[in-house]
Amino acid sequence: MIPTAFDYLAPTTVEEALSALAQHGDDAKIMAGGQSLLPVLRMRLNAPEMVIDLGRIDSLRGVRDDGDAIVIGAMTPHFEVAKDPLVTEHAALIPKAIEHLADAQVRHRGTFGGALAHADPAGDLGAPALALGAQFVIAGSGGTRTVGADEFFVDLFETAIGEDEILTEVRVPKHTGWGAHYEKFVRVVHQWPIVAVAAAVRMDGGSIAEARVGLTNMGSTPIRARAVEAALVGAAPTDDGVRAAAEQAAEGTNPPSDLNGDADYRRHLARVLTRRAVVAAAGG
């Protein structure tokens, strides 16, 4: 299907983009990599009068070190994030998740910030960002503000980004030396996850000292499995050692029921995948 007619603007600065967004208001739509927006336009599920393409704003690209955090520009393509040495060293969970994100074409065109701003609960980056305690820097006409991951994901396809705001970068606290794993369950390669688990683990001697666990597609937003995290402290990094903690993975979740499986099936998957992800992250 062909989209309805729209005007197109490609600003070169964040200020120009914000000005255009303020001018066109509800009639405008922001485009990052376009991997989510373009299918929506083709199906005519959205018909903006103006599309504002952020692709020419160089300041929104790249990864940099900022002390106790790494900063990822919102317009940095997935494949660049995955291969960046800073990300690999200090936030290994992110490239582990990107390995499973769609296919090579999407990873080259899609952007890190665009995927997070789209806020699909089945998206592969929300749970890792939540588990690592990422912070989202949002620019608007009144300046910039920073929102924690716990407050950034509001509901299905809804974030804390206002109608007149743009996500500019994502700050990820360093988890240097932590083990990481992303366990994704699908029926078909490159499919959205039926359920996935993002796990980051810090070992101390032969036991788990600290763990971060995020769940994908277990509710209308990514979910932090805090009960699992607490129960993992002091556990041995083996199937038997983490089994009791992983059994709590479905607590507080509200998974969907669809053709890929009902809610109870997803709760079962969450428990199984959490055990596998934690053991793999711990190197057990």
# chains A, B, ... in the order shown; residues from 1 in each chain; ligands from 1
>>> residues_around(residues="A:Val154", least_positions_apart="3", cutoff="9 Å", atoms="only C-alpha atoms", output="CSV table (one decimal) with N, CA and C atoms, in the first residue's frame")
chain,number,residue,atom,x,y,z
A,119,ALA,N,9.0,1.9,21.7
A,119,ALA,CA,8.4,1.3,22.9
A,119,ALA,C,7.5,0.2,22.7
A,150,ASP,N,12.9,3.3,34.5
A,150,ASP,CA,11.7,2.9,35.2
A,150,ASP,C,10.5,3.8,34.9
A,151,GLU,N,10.8,5.1,34.5
A,151,GLU,CA,9.7,6.0,34.2
A,151,GLU,C,9.6,6.3,32.8
A,157,PHE,N,3.6,1.2,23.4
A,157,PHE,CA,4.0,2.2,22.4
A,157,PHE,C,4.0,3.6,23.0
A,158,GLU,N,4.1,3.8,24.3
A,158,GLU,CA,4.0,5.1,24.9
A,158,GLU,C,5.2,5.3,25.9
A,159,THR,N,5.9,6.4,25.7
A,159,THR,CA,7.0,6.7,26.6
A,159,THR,C,6.8,8.1,27.2
A,160,ALA,N,7.8,8.5,28.0
A,160,ALA,CA,7.8,9.8,28.7
A,160,ALA,C,8.2,11.0,27.7
A,220,SER,N,2.7,-4.6,29.0
A,220,SER,CA,2.6,-3.6,28.1
A,220,SER,C,3.9,-2.7,28.0
A,221,THR,N,4.8,-3.0,28.9
A,221,THR,CA,6.2,-2.3,28.9
A,221,THR,C,7.2,-3.4,29.2
>>> residues_around(residues="A:Gly33", least_positions_apart="4", cutoff="7 Å", atoms="only C-alpha atoms", output="MDAnalysis selection string")
chainID A and resid 109:111 114
>>> select_by_dssp(residues="stretch 35-194 of chain A", states="strand (DSSP E or B)", output="NGL selection string")
:A and (50-53 or 63-66 or 69-73 or 77 or 111 or 135-140 or 143-148 or 153-155 or 158-159 or 166-173 or 179-185)
>>> select_by_dssp(residues="stretch 1-247 of chain A", states="alpha helix (DSSP H)", output="PyMOL selection string")
chain A and resi 14-24+37-42+78-83+85-90+93-98+104-109+112-118+126-131+149-152+226-232+239-246
>>> write_last_selection(atoms="C-alpha atoms", output="compact mmCIF listing (two decimals), in the first residue's frame")
# COMPACT_ATOMS: atom_id res chain seq x y z
CA VAL A 14 18.27 19.37 17.17
CA GLU A 15 17.12 23.00 17.43
CA GLU A 16 15.84 22.95 13.85
CA ALA A 17 14.03 19.68 14.48
CA LEU A 18 12.37 21.01 17.63
CA SER A 19 11.34 24.18 15.82
CA ALA A 20 9.72 22.15 13.03
CA LEU A 21 8.01 19.93 15.57
CA ALA A 22 6.61 22.96 17.39
CA GLN A 23 5.43 24.49 14.12
CA HIS A 24 3.58 21.43 12.83
CA LEU A 37 7.41 4.32 11.06
CA LEU A 38 7.55 3.41 7.36
CA PRO A 39 5.45 0.22 7.67
CA VAL A 40 2.88 2.20 9.67
CA LEU A 41 2.73 4.84 6.95
CA ARG A 42 2.42 2.24 4.20
CA HIS A 78 22.20 -0.78 15.96
CA PHE A 79 25.19 -2.34 14.22
CA GLU A 80 27.45 0.52 15.31
CA VAL A 81 26.30 0.19 18.92
CA ALA A 82 26.89 -3.57 18.87
CA LYS A 83 30.48 -3.29 17.64
CA PRO A 85 34.31 -1.26 22.17
CA LEU A 86 32.93 0.98 24.93
CA VAL A 87 29.56 -0.75 24.78
CA THR A 88 31.15 -4.18 24.60
CA GLU A 89 33.33 -3.51 27.64
CA HIS A 90 30.95 -1.62 29.89
CA LEU A 93 24.13 -6.90 27.66
CA ILE A 94 23.27 -4.44 24.89
CA PRO A 95 25.28 -6.06 22.05
CA LYS A 96 24.09 -9.46 23.28
CA ALA A 97 20.51 -8.27 22.66
CA ILE A 98 21.30 -6.58 19.35
CA ALA A 104 21.26 -7.40 9.28
CA GLN A 105 19.38 -4.91 7.10
CA VAL A 106 17.29 -3.65 10.01
CA ARG A 107 20.34 -3.50 12.28
CA HIS A 108 22.08 -1.27 9.72
CA ARG A 109 19.13 1.07 9.17
CA PHE A 112 19.14 2.61 19.03
CA GLY A 113 17.05 5.55 20.19
CA GLY A 114 14.37 5.03 17.59
CA ALA A 115 13.70 1.49 18.73
CA LEU A 116 13.51 2.54 22.38
CA ALA A 117 11.25 5.52 21.62
CA HIS A 118 8.92 3.23 19.65
CA GLY A 126 13.73 -2.21 26.24
CA ALA A 127 14.48 -4.99 28.73
CA PRO A 128 18.29 -4.56 28.51
CA ALA A 129 17.96 -0.78 28.93
CA LEU A 130 15.70 -1.28 31.92
CA ALA A 131 17.90 -3.94 33.49
CA ALA A 149 14.25 3.75 32.51
CA ASP A 150 11.72 2.93 35.24
CA GLU A 151 9.73 6.03 34.25
CA PHE A 152 10.56 6.21 30.54
CA ARG A 226 13.25 -7.40 40.98
CA ALA A 227 12.11 -10.40 43.02
CA VAL A 228 14.38 -12.59 40.93
CA GLU A 229 17.28 -10.17 41.36
CA ALA A 230 16.96 -10.16 45.14
CA ALA A 231 16.66 -13.95 45.33
CA LEU A 232 19.76 -14.48 43.19
CA ASP A 239 20.66 -24.55 37.04
CA ASP A 240 19.88 -25.85 40.51
CA GLY A 241 21.36 -22.78 42.16
CA VAL A 242 19.17 -20.26 40.34
CA ARG A 243 16.05 -22.38 39.87
CA ALA A 244 14.19 -21.11 42.95
CA ALA A 245 14.92 -17.47 42.08
CA ALA A 246 13.88 -17.95 38.44
>>> closest_residue(among="A:Asp124, A:Glu251, A:Asp68, A:Asp84", to="A:Val195", atoms="only C-alpha atoms")
A:Asp124
>>> atom_distance(atom1="atom CA of A:Met43", atom2="atom CA of A:Ala10")
22.8 Å
>>> residues_around(residues="A:Arg64", least_positions_apart="6", cutoff="9 Å", atoms="only C-alpha atoms", output="ChimeraX atom specification")
/A:70-73,86
>>> write_last_selection(atoms="N, CA and C atoms", output="PDB file, in the first residue's frame")
ATOM      1  N   ILE A  70      28.350   5.225  29.873  1.00  0.00           N
ATOM      2  CA  ILE A  70      28.584   5.428  28.454  1.00  0.00           C
ATOM      3  C   ILE A  70      27.339   6.083  27.879  1.00  0.00           C
ATOM      4  N   VAL A  71      27.538   6.935  26.876  1.00  0.00           N
ATOM      5  CA  VAL A  71      26.436   7.691  26.293  1.00  0.00           C
ATOM      6  C   VAL A  71      26.282   7.278  24.834  1.00  0.00           C
ATOM      7  N   ILE A  72      25.100   6.842  24.474  1.00  0.00           N
ATOM      8  CA  ILE A  72      24.809   6.375  23.120  1.00  0.00           C
ATOM      9  C   ILE A  72      23.852   7.369  22.470  1.00  0.00           C
ATOM     10  N   GLY A  73      24.286   7.980  21.366  1.00  0.00           N
ATOM     11  CA  GLY A  73      23.425   8.902  20.639  1.00  0.00           C
ATOM     12  C   GLY A  73      22.195   8.196  20.101  1.00  0.00           C
ATOM     13  N   LEU A  86      33.409   0.484  23.643  1.00  0.00           N
ATOM     14  CA  LEU A  86      32.933   0.981  24.933  1.00  0.00           C
ATOM     15  C   LEU A  86      31.692   0.219  25.392  1.00  0.00           C
TER      16      LEU A  86
END
>>> atom_distance(atom1="atom CA of A:Val51", atom2="atom CA of A:Arg171")
26.7 Å
>>> residues_around(residues="A:Ile138", least_positions_apart="4", cutoff="6 Å", atoms="only C-alpha atoms", output="list in words")
Thr144, Arg145, Ile166, Leu167 and Thr168 of chain A
>>> write_last_selection(atoms="C-alpha atoms", output="PDB file, in the first residue's frame")
ATOM      1  CA  THR A 144      16.735  19.020  28.239  1.00  0.00           C
ATOM      2  CA  ARG A 145      15.638  16.635  30.966  1.00  0.00           C
ATOM      3  CA  ILE A 166      12.978  14.444  20.970  1.00  0.00           C
ATOM      4  CA  LEU A 167      15.088  11.701  22.508  1.00  0.00           C
ATOM      5  CA  THR A 168      18.712  12.766  22.001  1.00  0.00           C
TER       6      THR A 168
END
>>> atom_distance(atom1="atom CA of A:Ala199", atom2="atom CA of A:Arg61")
26.4 Å
>>> residues_around(residues="A:Ala200", least_positions_apart="3", cutoff="7 Å", atoms="only C-alpha atoms", output="PyMOL selection string")
chain A and resi 93+178-181+211-213+281
>>> closest_residue(among="A:Met75, A:Ala282, A:Arg267, A:Ile161", to="A:Asp204", atoms="only C-alpha atoms")
A:Ala282
>>> residues_around(residues="A:Ala122", least_positions_apart="2", cutoff="7 Å", atoms="only C-alpha atoms", output="MDAnalysis selection string")
chainID A and resid 120 124 192:193 216:217
>>> residues_around(residues="stretch 207-210 of chain A", least_positions_apart="2", cutoff="7 Å", atoms="only C-alpha atoms", output="list in words")
Val201, Arg202, Met203, Asp204, Gly205, Leu232, Val233, Gly234, Ala235, Ala236 and Pro237 of chain A
>>> write_last_selection(atoms="C-alpha atoms", output="JSON list (two decimals), in the first residue's frame")
[["chain", "number", "residue", "atom", "x", "y", "z"],
["A", 201, "VAL", "CA", 25.33, -10.78, 36.59],
["A", 202, "ARG", "CA", 28.25, -9.75, 38.79],
["A", 203, "MET", "CA", 30.08, -12.66, 40.35],
["A", 204, "ASP", "CA", 32.03, -12.68, 43.60],
["A", 205, "GLY", "CA", 34.03, -15.84, 44.05],
["A", 232, "LEU", "CA", 19.76, -14.48, 43.19],
["A", 233, "VAL", "CA", 22.15, -12.80, 45.62],
["A", 234, "GLY", "CA", 24.44, -15.48, 47.03],
["A", 235, "ALA", "CA", 23.17, -18.18, 44.67],
["A", 236, "ALA", "CA", 25.46, -20.59, 42.85],
["A", 237, "PRO", "CA", 25.58, -19.97, 39.07]]
>>> closest_residue(among="A:Arg275, A:Ala91, A:Gly55, A:Met218", to="A:Ala263", atoms="only C-alpha atoms")
A:Met218
>>> decode(residues="stretch 178-258 of chain A", atoms="C-alpha atoms", output="PDB file, in the first residue's frame")
ATOM      1  CA  TRP A 178      29.566  -8.161  34.535  1.00  0.00           C
ATOM      2  CA  GLY A 179      28.516 -11.259  32.641  1.00  0.00           C
ATOM      3  CA  ALA A 180      25.579 -10.804  30.287  1.00  0.00           C
ATOM      4  CA  HIS A 181      23.166 -12.864  28.228  1.00  0.00           C
ATOM      5  CA  TYR A 182      19.958 -12.316  26.233  1.00  0.00           C
ATOM      6  CA  GLU A 183      17.782 -15.401  25.959  1.00  0.00           C
ATOM      7  CA  LYS A 184      15.088 -15.077  23.284  1.00  0.00           C
ATOM      8  CA  PHE A 185      12.373 -17.576  22.393  1.00  0.00           C
ATOM      9  CA  VAL A 186      10.873 -17.466  18.883  1.00  0.00           C
ATOM     10  CA  ARG A 187       9.210 -19.909  16.519  1.00  0.00           C
ATOM     11  CA  VAL A 188      10.649 -18.301  13.374  1.00  0.00           C
ATOM     12  CA  VAL A 189      14.062 -16.659  12.928  1.00  0.00           C
ATOM     13  CA  HIS A 190      13.967 -12.827  13.151  1.00  0.00           C
ATOM     14  CA  GLN A 191      10.496 -12.931  14.726  1.00  0.00           C
ATOM     15  CA  TRP A 192       9.511 -10.632  17.561  1.00  0.00           C
ATOM     16  CA  PRO A 193      10.223 -12.527  20.795  1.00  0.00           C
ATOM     17  CA  ILE A 194       7.375 -14.509  22.260  1.00  0.00           C
ATOM     18  CA  VAL A 195       9.300 -13.968  25.492  1.00  0.00           C
ATOM     19  CA  ALA A 196      12.891 -12.907  26.084  1.00  0.00           C
ATOM     20  CA  VAL A 197      15.038 -12.331  29.168  1.00  0.00           C
ATOM     21  CA  ALA A 198      17.951  -9.911  29.553  1.00  0.00           C
ATOM     22  CA  ALA A 199      20.333 -10.809  32.376  1.00  0.00           C
ATOM     23  CA  ALA A 200      23.463  -9.129  33.708  1.00  0.00           C
ATOM     24  CA  VAL A 201      25.335 -10.777  36.591  1.00  0.00           C
ATOM     25  CA  ARG A 202      28.252  -9.748  38.789  1.00  0.00           C
ATOM     26  CA  MET A 203      30.081 -12.661  40.355  1.00  0.00           C
ATOM     27  CA  ASP A 204      32.031 -12.678  43.597  1.00  0.00           C
ATOM     28  CA  GLY A 205      34.026 -15.839  44.049  1.00  0.00           C
ATOM     29  CA  GLY A 206      31.785 -18.730  43.220  1.00  0.00           C
ATOM     30  CA  SER A 207      28.421 -17.073  43.825  1.00  0.00           C
ATOM     31  CA  ILE A 208      26.234 -14.320  42.388  1.00  0.00           C
ATOM     32  CA  ALA A 209      26.842 -11.008  44.143  1.00  0.00           C
ATOM     33  CA  GLU A 210      24.381  -8.907  42.129  1.00  0.00           C
ATOM     34  CA  ALA A 211      22.009  -9.443  39.219  1.00  0.00           C
ATOM     35  CA  ARG A 212      19.904  -7.341  36.869  1.00  0.00           C
ATOM     36  CA  VAL A 213      17.055  -9.049  34.999  1.00  0.00           C
ATOM     37  CA  GLY A 214      14.652  -7.560  32.444  1.00  0.00           C
ATOM     38  CA  LEU A 215      11.698  -9.274  30.746  1.00  0.00           C
ATOM     39  CA  THR A 216      10.557  -8.748  27.154  1.00  0.00           C
ATOM     40  CA  ASN A 217       6.918  -9.140  26.041  1.00  0.00           C
ATOM     41  CA  MET A 218       5.597  -9.934  29.513  1.00  0.00           C
ATOM     42  CA  GLY A 219       3.397  -6.844  29.775  1.00  0.00           C
ATOM     43  CA  SER A 220       2.622  -3.553  28.063  1.00  0.00           C
ATOM     44  CA  THR A 221       6.159  -2.349  28.861  1.00  0.00           C
ATOM     45  CA  PRO A 222       9.509  -4.016  29.585  1.00  0.00           C
ATOM     46  CA  ILE A 223       9.549  -5.369  33.140  1.00  0.00           C
ATOM     47  CA  ARG A 224      12.298  -5.507  35.738  1.00  0.00           C
ATOM     48  CA  ALA A 225      12.244  -8.826  37.612  1.00  0.00           C
ATOM     49  CA  ARG A 226      13.252  -7.396  40.975  1.00  0.00           C
ATOM     50  CA  ALA A 227      12.107 -10.395  43.016  1.00  0.00           C
ATOM     51  CA  VAL A 228      14.383 -12.594  40.931  1.00  0.00           C
ATOM     52  CA  GLU A 229      17.276 -10.171  41.363  1.00  0.00           C
ATOM     53  CA  ALA A 230      16.959 -10.162  45.138  1.00  0.00           C
ATOM     54  CA  ALA A 231      16.658 -13.946  45.334  1.00  0.00           C
ATOM     55  CA  LEU A 232      19.758 -14.477  43.190  1.00  0.00           C
ATOM     56  CA  VAL A 233      22.148 -12.798  45.624  1.00  0.00           C
ATOM     57  CA  GLY A 234      24.439 -15.480  47.034  1.00  0.00           C
ATOM     58  CA  ALA A 235      23.170 -18.178  44.668  1.00  0.00           C
ATOM     59  CA  ALA A 236      25.458 -20.586  42.855  1.00  0.00           C
ATOM     60  CA  PRO A 237      25.577 -19.973  39.070  1.00  0.00           C
ATOM     61  CA  THR A 238      24.068 -23.339  38.166  1.00  0.00           C
ATOM     62  CA  ASP A 239      20.657 -24.551  37.039  1.00  0.00           C
ATOM     63  CA  ASP A 240      19.878 -25.854  40.513  1.00  0.00           C
ATOM     64  CA  GLY A 241      21.365 -22.777  42.164  1.00  0.00           C
ATOM     65  CA  VAL A 242      19.175 -20.255  40.336  1.00  0.00           C
ATOM     66  CA  ARG A 243      16.047 -22.376  39.873  1.00  0.00           C
ATOM     67  CA  ALA A 244      14.192 -21.106  42.946  1.00  0.00           C
ATOM     68  CA  ALA A 245      14.923 -17.472  42.083  1.00  0.00           C
ATOM     69  CA  ALA A 246      13.877 -17.947  38.444  1.00  0.00           C
ATOM     70  CA  GLU A 247      10.533 -19.365  39.559  1.00  0.00           C
ATOM     71  CA  GLN A 248       9.623 -15.824  40.647  1.00  0.00           C
ATOM     72  CA  ALA A 249      10.152 -14.374  37.156  1.00  0.00           C
ATOM     73  CA  ALA A 250       6.457 -14.172  36.287  1.00  0.00           C
ATOM     74  CA  GLU A 251       5.475 -12.296  39.458  1.00  0.00           C
ATOM     75  CA  GLY A 252       3.852  -8.948  38.721  1.00  0.00           C
ATOM     76  CA  THR A 253       3.675  -9.574  34.964  1.00  0.00           C
ATOM     77  CA  ASN A 254       0.698  -9.295  32.634  1.00  0.00           C
ATOM     78  CA  PRO A 255       1.695 -11.119  29.439  1.00  0.00           C
ATOM     79  CA  PRO A 256      -0.515 -11.032  26.337  1.00  0.00           C
ATOM     80  CA  SER A 257      -2.330 -13.989  24.830  1.00  0.00           C
ATOM     81  CA  ASP A 258      -2.128 -14.360  21.055  1.00  0.00           C
TER      82      ASP A 258
END
